[in-house]
Every structure is written in C-alpha cells, then in structure tokens.
$ cat start.txt   # compact mmCIF, C-alpha atoms
# COMPACT_ATOMS: atom_id res chain seq x y z
CA MET W 618 140.12 109.23 109.20
CA SER W 619 138.49 111.75 106.93
CA GLU W 620 136.51 111.02 103.82
CA THR W 621 137.59 112.75 100.68
CA SER W 622 135.31 115.59 99.75
CA SER W 623 134.08 113.81 96.62
CA ASP W 624 133.00 110.71 98.64
CA GLU W 625 131.21 112.94 101.06
CA ALA W 626 129.47 114.79 98.23
CA ARG W 627 128.36 111.53 96.60
CA ARG W 628 126.98 110.23 99.88
CA LEU W 629 125.00 113.42 100.40
CA ALA W 630 123.68 113.34 96.86
CA ASP W 631 122.55 109.70 97.28
CA GLY W 632 120.77 110.55 100.52
CA ALA W 633 119.05 113.52 98.95
CA ARG W 634 117.87 111.44 95.99
CA GLU W 635 116.48 108.80 98.29
CA ARG W 636 114.68 111.41 100.32
CA VAL W 637 113.20 113.12 97.27
CA ARG W 638 111.91 109.74 96.05
CA PHE W 639 110.36 109.10 99.46
CA GLU W 640 108.69 112.52 99.49
CA GLU W 641 107.31 112.06 96.00
CA GLU W 642 105.90 108.63 96.79
CA ALA W 643 104.33 109.95 99.99
CA LEU W 644 102.73 112.89 98.17
CA ALA W 645 101.38 110.58 95.48
CA LEU W 646 99.43 108.76 98.21
CA ALA W 647 97.99 111.98 99.68
CA ASP W 648 94.53 111.57 98.13
CA GLN W 649 94.15 108.11 99.66
CA VAL W 650 95.49 109.24 103.03
CA TYR W 651 93.13 112.20 102.95
CA ARG W 652 90.08 109.95 102.59
CA VAL W 653 90.96 108.32 105.87
CA ALA W 654 91.81 111.67 107.50
CA ARG W 655 88.44 113.03 106.43
CA GLY W 656 86.64 109.96 107.70
CA LEU W 657 88.29 110.36 111.09
CA SER W 658 87.66 114.09 111.40
CA ARG W 659 84.54 116.03 112.20
CA SER W 660 85.27 118.76 109.68
CA LYS W 661 87.26 119.42 106.56
CA GLU W 662 89.46 121.88 108.47
CA GLU W 663 90.30 119.27 111.09
CA ALA W 664 91.18 116.78 108.33
CA GLU W 665 93.42 119.33 106.64
CA ASP W 666 95.28 120.08 109.88
CA LEU W 667 95.73 116.39 110.48
CA MET W 668 97.14 115.92 106.97
CA GLN W 669 99.65 118.73 107.41
CA GLU W 670 100.85 117.39 110.75
CA THR W 671 101.10 113.91 109.30
CA TYR W 672 103.14 114.94 106.30
CA ALA W 673 105.37 117.25 108.33
CA ARG W 674 106.17 114.37 110.66
CA ALA W 675 106.57 111.88 107.81
CA PHE W 676 109.03 114.12 105.98
CA ARG W 677 111.05 114.68 109.16
CA SER W 678 111.25 111.01 110.02
CA TRP W 679 111.60 109.58 106.52
CA ARG W 680 114.70 107.61 107.52
CA SER W 681 112.63 105.39 109.79
CA PHE W 682 110.62 104.14 106.80
CA THR W 683 111.94 100.85 105.40
CA PRO W 684 111.87 101.05 101.59
CA GLY W 685 109.87 98.25 100.02
CA THR W 686 107.37 98.09 102.88
CA ASN W 687 103.84 99.52 102.79
CA LEU W 688 104.21 103.30 102.69
CA ARG W 689 100.45 103.95 102.82
CA ALA W 690 100.16 101.92 106.04
CA TRP W 691 103.22 103.71 107.46
CA LEU W 692 101.68 107.13 106.76
CA LEU W 693 98.37 106.09 108.26
CA ARG W 694 100.08 104.85 111.37
CA ILE W 695 101.50 108.35 111.87
CA LEU W 696 98.09 109.85 111.13
CA THR W 697 96.12 107.66 113.53
CA ASN W 698 98.69 108.21 116.30
CA LEU W 699 98.55 111.98 115.82
CA ASN W 700 94.79 111.79 115.91
CA ILE W 701 95.00 110.08 119.30
CA ASP W 702 97.64 112.51 120.58
CA ARG W 703 95.51 115.46 119.67
CA GLY W 704 92.99 114.38 122.22
CA ARG W 705 90.23 113.72 119.79
CA ARG W 706 89.25 110.57 121.63
CA ALA W 707 85.65 110.58 122.63
CA GLN W 708 84.99 110.43 126.32
CA ARG W 709 82.07 108.11 125.86
CA THR W 710 82.55 104.52 126.85
CA PRO W 711 80.35 102.71 124.37
CA ASP W 712 81.40 99.29 125.62
CA GLN W 713 79.08 99.83 128.52
CA GLN W 714 76.10 100.43 126.30
CA PRO W 715 74.28 97.30 125.30
CA LEU W 716 73.97 96.91 121.55
CA GLU W 717 71.90 93.88 120.92
CA GLU W 718 70.77 94.59 117.40
CA SER W 719 71.65 92.02 114.81
CA ASP W 720 73.31 92.73 111.48
CA TYR W 721 70.00 92.56 109.61
CA PHE W 722 68.43 95.01 112.03
CA LEU W 723 68.77 98.20 109.96
CA TYR W 724 67.37 96.56 106.84
CA ASN W 725 64.48 95.03 108.76
CA GLN W 726 63.63 98.35 110.33
CA LEU W 727 63.79 100.33 107.08
CA GLU W 728 61.79 97.70 105.24
CA ALA W 729 59.10 97.71 107.89
CA ALA W 730 58.97 101.51 108.02
CA SER W 731 58.86 102.04 104.26
CA GLY W 732 56.82 99.09 103.07
CA GLU W 733 59.45 98.61 100.33
CA THR W 734 60.61 95.07 99.73
CA GLU W 735 63.24 95.62 97.07
CA GLU W 736 66.67 96.22 98.59
CA GLN W 737 67.63 99.08 96.28
CA ARG W 738 64.47 100.95 97.27
CA VAL W 739 65.11 100.25 100.93
CA LEU W 740 68.64 101.59 100.54
CA GLU W 741 67.32 104.76 98.93
CA ARG W 742 65.53 105.56 102.18
CA LEU W 743 68.94 106.45 103.60
CA SER W 744 70.42 109.80 102.75
CA GLN W 745 74.11 110.42 102.18
CA ASP W 746 74.01 113.15 104.82
CA HIS W 747 72.71 110.68 107.35
CA VAL W 748 75.58 108.33 106.60
CA ALA W 749 78.17 111.06 107.18
CA GLU W 750 76.39 112.16 110.34
CA ALA W 751 76.10 108.62 111.66
CA LEU W 752 79.77 107.97 110.98
CA SER W 753 80.81 111.02 112.96
CA ALA W 754 78.70 109.78 115.88
CA VAL W 755 80.68 106.54 116.13
CA PRO W 756 83.22 106.82 118.99
CA HIS W 757 86.83 107.18 117.82
CA ASP W 758 88.26 103.78 118.71
CA PHE W 759 85.53 102.15 116.66
CA ARG W 760 85.47 104.74 113.93
CA ASP W 761 89.25 104.39 113.34
CA VAL W 762 88.75 100.75 112.42
CA VAL W 763 85.60 101.26 110.35
CA VAL W 764 87.26 104.07 108.41
CA LEU W 765 90.48 102.12 107.78
CA VAL W 766 88.67 99.00 106.58
CA ASP W 767 85.59 100.45 104.85
CA ILE W 768 87.03 103.67 103.47
CA GLY W 769 90.77 102.99 103.43
CA ASP W 770 90.33 99.46 102.07
CA PHE W 771 92.79 97.94 104.52
CA SER W 772 92.62 94.28 105.54
CA TYR W 773 92.06 93.36 109.19
CA ALA W 774 95.77 92.57 109.49
CA GLU W 775 96.87 95.90 108.03
CA ALA W 776 94.47 97.83 110.27
CA ALA W 777 95.88 95.94 113.27
CA GLN W 778 99.39 96.93 112.25
CA ILE W 779 98.47 100.58 111.71
CA LEU W 780 96.64 100.91 115.03
CA ASP W 781 99.10 98.67 116.87
CA VAL W 782 96.39 96.48 118.34
CA PRO W 783 95.81 92.71 118.01
CA ILE W 784 93.80 91.53 115.02
CA GLY W 785 91.08 90.27 117.37
CA THR W 786 90.65 93.83 118.64
CA VAL W 787 90.28 95.08 115.07
CA MET W 788 87.58 92.50 114.44
CA SER W 789 85.64 93.24 117.60
CA ARG W 790 85.88 97.02 117.14
CA LEU W 791 84.85 96.71 113.51
CA HIS W 792 81.90 94.58 114.46
CA ARG W 793 80.82 96.98 117.15
CA GLY W 794 81.61 100.11 115.14
CA ARG W 795 79.41 98.96 112.27
CA ARG W 796 76.62 98.09 114.68
CA ILE W 797 76.82 101.55 116.24
CA LEU W 798 76.84 103.10 112.76
CA LYS W 799 73.69 101.19 111.81
CA LYS W 800 72.00 102.04 115.08
CA GLU W 801 72.72 105.73 114.45
CA LEU W 802 71.40 105.42 110.90
CA ALA W 803 68.25 103.73 112.11
CA ASP W 804 67.68 106.52 114.65
CA LEU W 805 68.35 109.24 112.06
CA SER W 806 66.00 107.73 109.50
CA VAL W 807 63.25 107.36 112.09
CA GLU W 808 63.70 110.99 113.16
CA SER W 809 63.46 112.25 109.59
CA ALA W 810 60.50 110.05 108.63
CA MET V 1382 76.67 69.38 116.75
CA THR V 1383 73.81 71.66 117.47
CA ALA V 1384 71.73 72.62 114.50
CA VAL V 1385 72.12 76.30 113.63
CA ASP V 1386 69.48 78.10 111.64
CA PRO V 1387 71.14 78.71 108.25
CA CYS V 1388 69.83 82.29 108.06
CA ASP V 1389 71.25 83.05 111.53
CA TRP V 1390 74.58 81.63 110.44
CA CYS V 1391 74.47 83.63 107.22
CA GLU V 1392 73.76 86.80 109.17
CA GLU V 1393 76.71 86.08 111.41
CA VAL V 1394 79.14 85.80 108.51
CA LEU V 1395 77.79 88.81 106.63
CA GLN V 1396 80.58 91.18 107.67
CA PRO V 1397 83.56 88.84 107.18
CA TYR V 1398 82.01 87.72 103.87
CA LEU V 1399 81.93 91.28 102.54
CA ASP V 1400 85.42 91.89 103.98
CA ARG V 1401 86.66 88.79 102.09
CA GLU V 1402 87.95 87.37 105.32
CA LEU V 1403 86.07 84.05 105.23
CA THR V 1404 87.83 80.80 104.44
CA GLU V 1405 87.13 79.31 101.03
CA ALA V 1406 84.85 76.67 102.57
CA GLU V 1407 82.87 79.22 104.58
CA ARG V 1408 82.51 81.46 101.56
CA GLU V 1409 81.14 78.58 99.49
CA GLU V 1410 78.71 77.66 102.22
CA ALA V 1411 77.48 81.25 102.46
CA GLU V 1412 77.11 81.50 98.68
CA SER V 1413 75.19 78.29 98.41
CA HIS V 1414 72.80 79.50 101.11
CA LEU V 1415 72.44 82.91 99.43
CA ALA V 1416 71.67 81.27 96.07
CA GLY V 1417 68.55 79.73 97.55
CA CYS V 1418 67.49 82.33 100.12
CA SER V 1419 66.11 85.65 98.93
CA TYR V 1420 65.63 86.81 102.53
CA CYS V 1421 69.38 86.75 103.19
CA ARG V 1422 70.29 87.78 99.63
CA LYS V 1423 68.34 91.05 99.93
CA ARG V 1424 70.04 91.83 103.20
CA TYR V 1425 73.48 91.10 101.78
CA ARG V 1426 72.83 93.36 98.81
CA PHE V 1427 71.55 96.06 101.11
CA GLU V 1428 74.71 95.79 103.18
CA GLU V 1429 76.88 96.09 100.07
CA GLY V 1430 74.95 99.22 99.12
CA LEU V 1431 75.41 100.58 102.62
CA ARG V 1432 79.17 100.05 102.35
CA ARG V 1433 79.14 102.07 99.13
CA TYR V 1434 77.26 104.85 100.91
CA VAL V 1435 79.82 104.88 103.72
CA ARG V 1436 82.62 105.04 101.19
CA GLN V 1437 80.92 107.89 99.34
CA ALA V 1438 80.13 109.79 102.52
CA VAL V 1439 83.69 111.07 102.66
CA VAL V 1440 84.79 111.24 99.07
CA GLU V 1441 84.99 114.99 98.78
CA PRO V 1442 88.39 115.34 97.14
CA MET V 1443 91.32 117.03 98.77
CA GLU V 1444 91.56 120.75 97.99
CA PRO V 1445 94.39 121.56 95.56
CA ALA V 1446 95.56 124.21 98.05
CA LEU V 1447 96.10 121.52 100.68
CA LYS V 1448 98.09 119.43 98.23
CA GLN V 1449 100.26 122.48 97.59
CA ARG V 1450 100.76 123.05 101.33
CA LEU V 1451 101.76 119.41 101.83
CA SER V 1452 104.26 119.72 99.05
CA GLU V 1453 105.72 122.81 100.71
CA LEU V 1454 106.36 120.77 103.86
CA ARG V 1455 109.10 118.88 102.02
CA LEU V 1456 112.52 119.37 103.53
CA GLU V 1457 114.92 121.82 101.97
CA LEU V 1458 117.56 120.18 99.85

$ encode --input "start.txt" --output "structure tokens"
Amino acid sequence: MSETSSDEARRLADGARERVRFEEEALALADQVYRVARGLSRSKEEAEDLMQETYARAFRSWRSFTPGTNLRAWLLRILTNLNIDRGRRAQRTPDQQPLEESDYFLYNQLEAASGETEEQRVLERLSQDHVAEALSAVPHDFRDVVVLVDIGDFSYAEAAQILDVPIGTVMSRLHRGRRILKKELADLSVESA
Amino acid sequence: MTAVDPCDWCEEVLQPYLDRELTEAEREEAESHLAGCSYCRKRYRFEEGLRRYVRQAVVEPMEPALKQRLSELRLEL
C-alpha cells in the first residue's frame, strides 16, 4: 500500500512544524539551562561545550520528548548525564570525610571572627568570588543537586527525576553538599582574614 | 516524647524551610519560633542571603555567540 504523494507531503510538513516548535521552545530555555551548566562547570568554556553537546543531542532526539511534559527538566537530564559521561566526576569520596558542623556553623564562625552581630554585616564578610570558588570545590554528585535546587530552582522531586536518583538521595546530597559548601566558605574566609 | 531544644529543632529544619519543603504544620511551628527568637532569626536571614550569593555566583549571562551556535545546531529542514 502506498500513500499518495500529497498525504506523504502533509505528514512531513506536520513533523517539521512540530520539530521547529520543539527547537524554538528548547532555545528559549537556553539561558536557564546555561545557569545550571555554568554552575556545574569549572570554567565558562567547559559550560559552553556542555551546552553545545546538550543541544546537539536534544535536537537529534527530539522525538523522545513527550509534548506537554517539563522540557526544562528533560534538557537538564541530558545535560547532567553528559556531564557524568564526560568523566567530570571528582575522584574524591567525600562520604568518608566526617562533616560534623551544624547548619548555623558558618554564621557562628563569621560572627565570632568579625565581631559583627547584624546578619547583613556578617554576610558582607563573604565575597562573591569565595562563593564561586567554594561551589567549585564541592564534589560533583553533591554539586549537581545544590546547583539544580539552589540555582536551577528545581524542587527535590524534579531534581530526583533529572538525576534519576531517589528523592531521599537528593535530600541527603543536598544536605551534605550545602554543608561542604559552607565548610569551604568558612575555610576561605579564614584564609583571607 | 523527649524534649527537643527549640533552637536545635529550628536549625534542623532550616534547609527544608527555605526550600519550601516543610509541611504546613512544621512551617507554622518554625515561624512561631522564629518570631520570638532573634538568635535563630538572624541565622535564617543569613542563610537566605547566602542562597542569594550562591545564585549570583553563576549569573554571568550566556554569550550571544553561544546562543547563535546553539541555534545553528538545529536540524536542517
């Protein structure tokens, strides 16, 4: 059975329209996806490479996206998987390092070191450069979650879906990732004091 | 039930509070503690500020040239 040429042409035109819409929607999200890519990468160049690989793969496999579902999460799933594939995983095994500090630890330390008692002043003791540096020192498994939730604004459930791990893993990595981040910040601010 | 120090409890729920992942009842309990405890309130505000710093640490916008390159990756019609 052969389709008439006009049916065939219509089908192709419909497919092309759908694909163009997908590509446009994906490109419209590029700024948001880039924020996460940048947070996961050590340098701007690395983030740009990661973005190009992500979009190349997304455009090739557009048919596997289900319209009406969360395109931003779908793109970030590709991105985080590529990031793992590219061997950017840190070799450190931070789970073996004890991290006893409490959540108030960084504040307490900065307050004690500065003599400031007003939280805005205490916060000003931290520099933006230190934050970026501390973030890049957080091992990848933990940083992925911190970046998705704190920079990408994803819920725990969405981050779990993107990284394909249970929600409990997201919560424990987030908890630990933020602790490591604060520990790094505390060390950096002591060094620079 | 063992008595838990309210400041310890408040510290424990700091992260899920800021992530808006607490239940309604837990959130209310945290807020009522924060209303009367400047020790915890300062630390919560500090943490909110820290989150803003983290967010701003990577806000350099994407280069227009990259956007152009991404657009060129689109499949040929």

$ interface_residues --input "start.txt" --of "chain W" --to "chain V" --cutoff "8 Å" --atoms "only C-alpha atoms" --output "number ranges by chain"
W: 633, 640, 644, 647-648, 651-652, 655-656, 665, 668-669, 672-673, 676-677, 719-721, 724, 735-737, 739-740, 745-746, 748-749, 752, 767-768, 772, 792

$ closest_residue --input "start.txt" --among "V:Ala1446, V:Ala1406, V:Ala1411, V:Ala1416" --to "Cys1391 in chain V" --atoms "all atoms listed in the file"
V:Ala1411

$ atom_distance --input "start.txt" --atom1 "CA of Arg636 in chain W" --atom2 "CA of Arg674 in chain W"
13.7 Å

$ atom_distance --input "start.txt" --atom1 "CA of Ala630 in chain W" --atom2 "CA of Leu693 in chain W"
28.7 Å

$ atom_distance --input "start.txt" --atom1 "CA of Asn687 in chain W" --atom2 "CA of Val762 in chain W"
17.9 Å

$ axis_aligned_box --input "start.txt" --around "range 1441-1447 of chain V" --padding-each-side "8 Å" --output "JSON"
{"center_x": 90.5, "center_y": 119.6, "center_z": 98.1, "size_x": 27.1, "size_y": 25.2, "size_z": 21.1}

$ decode --input "start.txt" --residues "range 1396-1423 of chain V" --atoms "N, CA and C atoms" --output "PDB file, in the first residue's frame"
ATOM      1  N   GLN V1396      17.032  24.171  56.288  1.00  0.00           N
ATOM      2  CA  GLN V1396      17.123  23.936  54.833  1.00  0.00           C
ATOM      3  C   GLN V1396      15.770  23.608  54.206  1.00  0.00           C
ATOM      4  N   PRO V1397      15.032  22.617  54.744  1.00  0.00           N
ATOM      5  CA  PRO V1397      13.719  22.361  54.134  1.00  0.00           C
ATOM      6  C   PRO V1397      12.757  23.547  54.247  1.00  0.00           C
ATOM      7  N   TYR V1398      12.937  24.390  55.282  1.00  0.00           N
ATOM      8  CA  TYR V1398      12.093  25.586  55.380  1.00  0.00           C
ATOM      9  C   TYR V1398      12.356  26.495  54.185  1.00  0.00           C
ATOM     10  N   LEU V1399      13.623  26.790  53.930  1.00  0.00           N
ATOM     11  CA  LEU V1399      13.965  27.689  52.822  1.00  0.00           C
ATOM     12  C   LEU V1399      13.654  27.051  51.465  1.00  0.00           C
ATOM     13  N   ASP V1400      13.659  25.730  51.412  1.00  0.00           N
ATOM     14  CA  ASP V1400      13.314  25.027  50.163  1.00  0.00           C
ATOM     15  C   ASP V1400      11.804  24.893  49.990  1.00  0.00           C
ATOM     16  N   ARG V1401      11.034  25.372  50.975  1.00  0.00           N
ATOM     17  CA  ARG V1401       9.574  25.241  50.964  1.00  0.00           C
ATOM     18  C   ARG V1401       9.139  23.789  50.871  1.00  0.00           C
ATOM     19  N   GLU V1402       9.844  22.958  51.591  1.00  0.00           N
ATOM     20  CA  GLU V1402       9.508  21.535  51.577  1.00  0.00           C
ATOM     21  C   GLU V1402       8.942  21.067  52.923  1.00  0.00           C
ATOM     22  N   LEU V1403       8.706  21.995  53.849  1.00  0.00           N
ATOM     23  CA  LEU V1403       8.108  21.596  55.127  1.00  0.00           C
ATOM     24  C   LEU V1403       6.597  21.446  54.973  1.00  0.00           C
ATOM     25  N   THR V1404       5.996  20.654  55.846  1.00  0.00           N
ATOM     26  CA  THR V1404       4.533  20.604  55.853  1.00  0.00           C
ATOM     27  C   THR V1404       4.033  21.931  56.434  1.00  0.00           C
ATOM     28  N   GLU V1405       2.769  22.191  56.216  1.00  0.00           N
ATOM     29  CA  GLU V1405       2.158  23.424  56.715  1.00  0.00           C
ATOM     30  C   GLU V1405       2.364  23.559  58.229  1.00  0.00           C
ATOM     31  N   ALA V1406       2.135  22.453  58.937  1.00  0.00           N
ATOM     32  CA  ALA V1406       2.245  22.473  60.406  1.00  0.00           C
ATOM     33  C   ALA V1406       3.687  22.753  60.853  1.00  0.00           C
ATOM     34  N   GLU V1407       4.630  22.132  60.164  1.00  0.00           N
ATOM     35  CA  GLU V1407       6.042  22.351  60.519  1.00  0.00           C
ATOM     36  C   GLU V1407       6.453  23.798  60.231  1.00  0.00           C
ATOM     37  N   ARG V1408       5.957  24.297  59.098  1.00  0.00           N
ATOM     38  CA  ARG V1408       6.304  25.670  58.735  1.00  0.00           C
ATOM     39  C   ARG V1408       5.776  26.645  59.796  1.00  0.00           C
ATOM     40  N   GLU V1409       4.533  26.415  60.224  1.00  0.00           N
ATOM     41  CA  GLU V1409       3.956  27.289  61.247  1.00  0.00           C
ATOM     42  C   GLU V1409       4.738  27.214  62.549  1.00  0.00           C
ATOM     43  N   GLU V1410       5.151  26.012  62.892  1.00  0.00           N
ATOM     44  CA  GLU V1410       5.917  25.854  64.128  1.00  0.00           C
ATOM     45  C   GLU V1410       7.243  26.607  64.026  1.00  0.00           C
ATOM     46  N   ALA V1411       7.907  26.474  62.874  1.00  0.00           N
ATOM     47  CA  ALA V1411       9.180  27.170  62.686  1.00  0.00           C
ATOM     48  C   ALA V1411       8.964  28.679  62.755  1.00  0.00           C
ATOM     49  N   GLU V1412       7.904  29.160  62.094  1.00  0.00           N
ATOM     50  CA  GLU V1412       7.666  30.607  62.079  1.00  0.00           C
ATOM     51  C   GLU V1412       7.322  31.146  63.452  1.00  0.00           C
ATOM     52  N   SER V1413       6.596  30.351  64.229  1.00  0.00           N
ATOM     53  CA  SER V1413       6.270  30.870  65.556  1.00  0.00           C
ATOM     54  C   SER V1413       7.525  30.898  66.437  1.00  0.00           C
ATOM     55  N   HIS V1414       8.419  29.941  66.234  1.00  0.00           N
ATOM     56  CA  HIS V1414       9.684  30.005  66.984  1.00  0.00           C
ATOM     57  C   HIS V1414      10.518  31.206  66.521  1.00  0.00           C
ATOM     58  N   LEU V1415      10.607  31.391  65.214  1.00  0.00           N
ATOM     59  CA  LEU V1415      11.419  32.486  64.671  1.00  0.00           C
ATOM     60  C   LEU V1415      10.909  33.856  65.136  1.00  0.00           C
ATOM     61  N   ALA V1416       9.589  33.974  65.274  1.00  0.00           N
ATOM     62  CA  ALA V1416       9.004  35.256  65.688  1.00  0.00           C
ATOM     63  C   ALA V1416       9.525  35.683  67.061  1.00  0.00           C
ATOM     64  N   GLY V1417       9.834  34.683  67.896  1.00  0.00           N
ATOM     65  CA  GLY V1417      10.263  35.041  69.247  1.00  0.00           C
ATOM     66  C   GLY V1417      11.736  34.808  69.524  1.00  0.00           C
ATOM     67  N   CYS V1418      12.499  34.398  68.519  1.00  0.00           N
ATOM     68  CA  CYS V1418      13.897  34.028  68.778  1.00  0.00           C
ATOM     69  C   CYS V1418      14.828  34.732  67.799  1.00  0.00           C
ATOM     70  N   SER V1419      15.487  35.795  68.277  1.00  0.00           N
ATOM     71  CA  SER V1419      16.344  36.546  67.351  1.00  0.00           C
ATOM     72  C   SER V1419      17.613  35.763  66.997  1.00  0.00           C
ATOM     73  N   TYR V1420      18.016  34.854  67.875  1.00  0.00           N
ATOM     74  CA  TYR V1420      19.188  34.022  67.599  1.00  0.00           C
ATOM     75  C   TYR V1420      18.969  33.231  66.306  1.00  0.00           C
ATOM     76  N   CYS V1421      17.851  32.514  66.240  1.00  0.00           N
ATOM     77  CA  CYS V1421      17.547  31.724  65.040  1.00  0.00           C
ATOM     78  C   CYS V1421      17.198  32.623  63.852  1.00  0.00           C
ATOM     79  N   ARG V1422      16.475  33.715  64.134  1.00  0.00           N
ATOM     80  CA  ARG V1422      16.040  34.598  63.038  1.00  0.00           C
ATOM     81  C   ARG V1422      17.240  35.142  62.269  1.00  0.00           C
ATOM     82  N   LYS V1423      18.265  35.585  62.988  1.00  0.00           N
ATOM     83  CA  LYS V1423      19.477  36.093  62.335  1.00  0.00           C
ATOM     84  C   LYS V1423      20.107  35.038  61.445  1.00  0.00           C
TER      85      LYS V1423
END
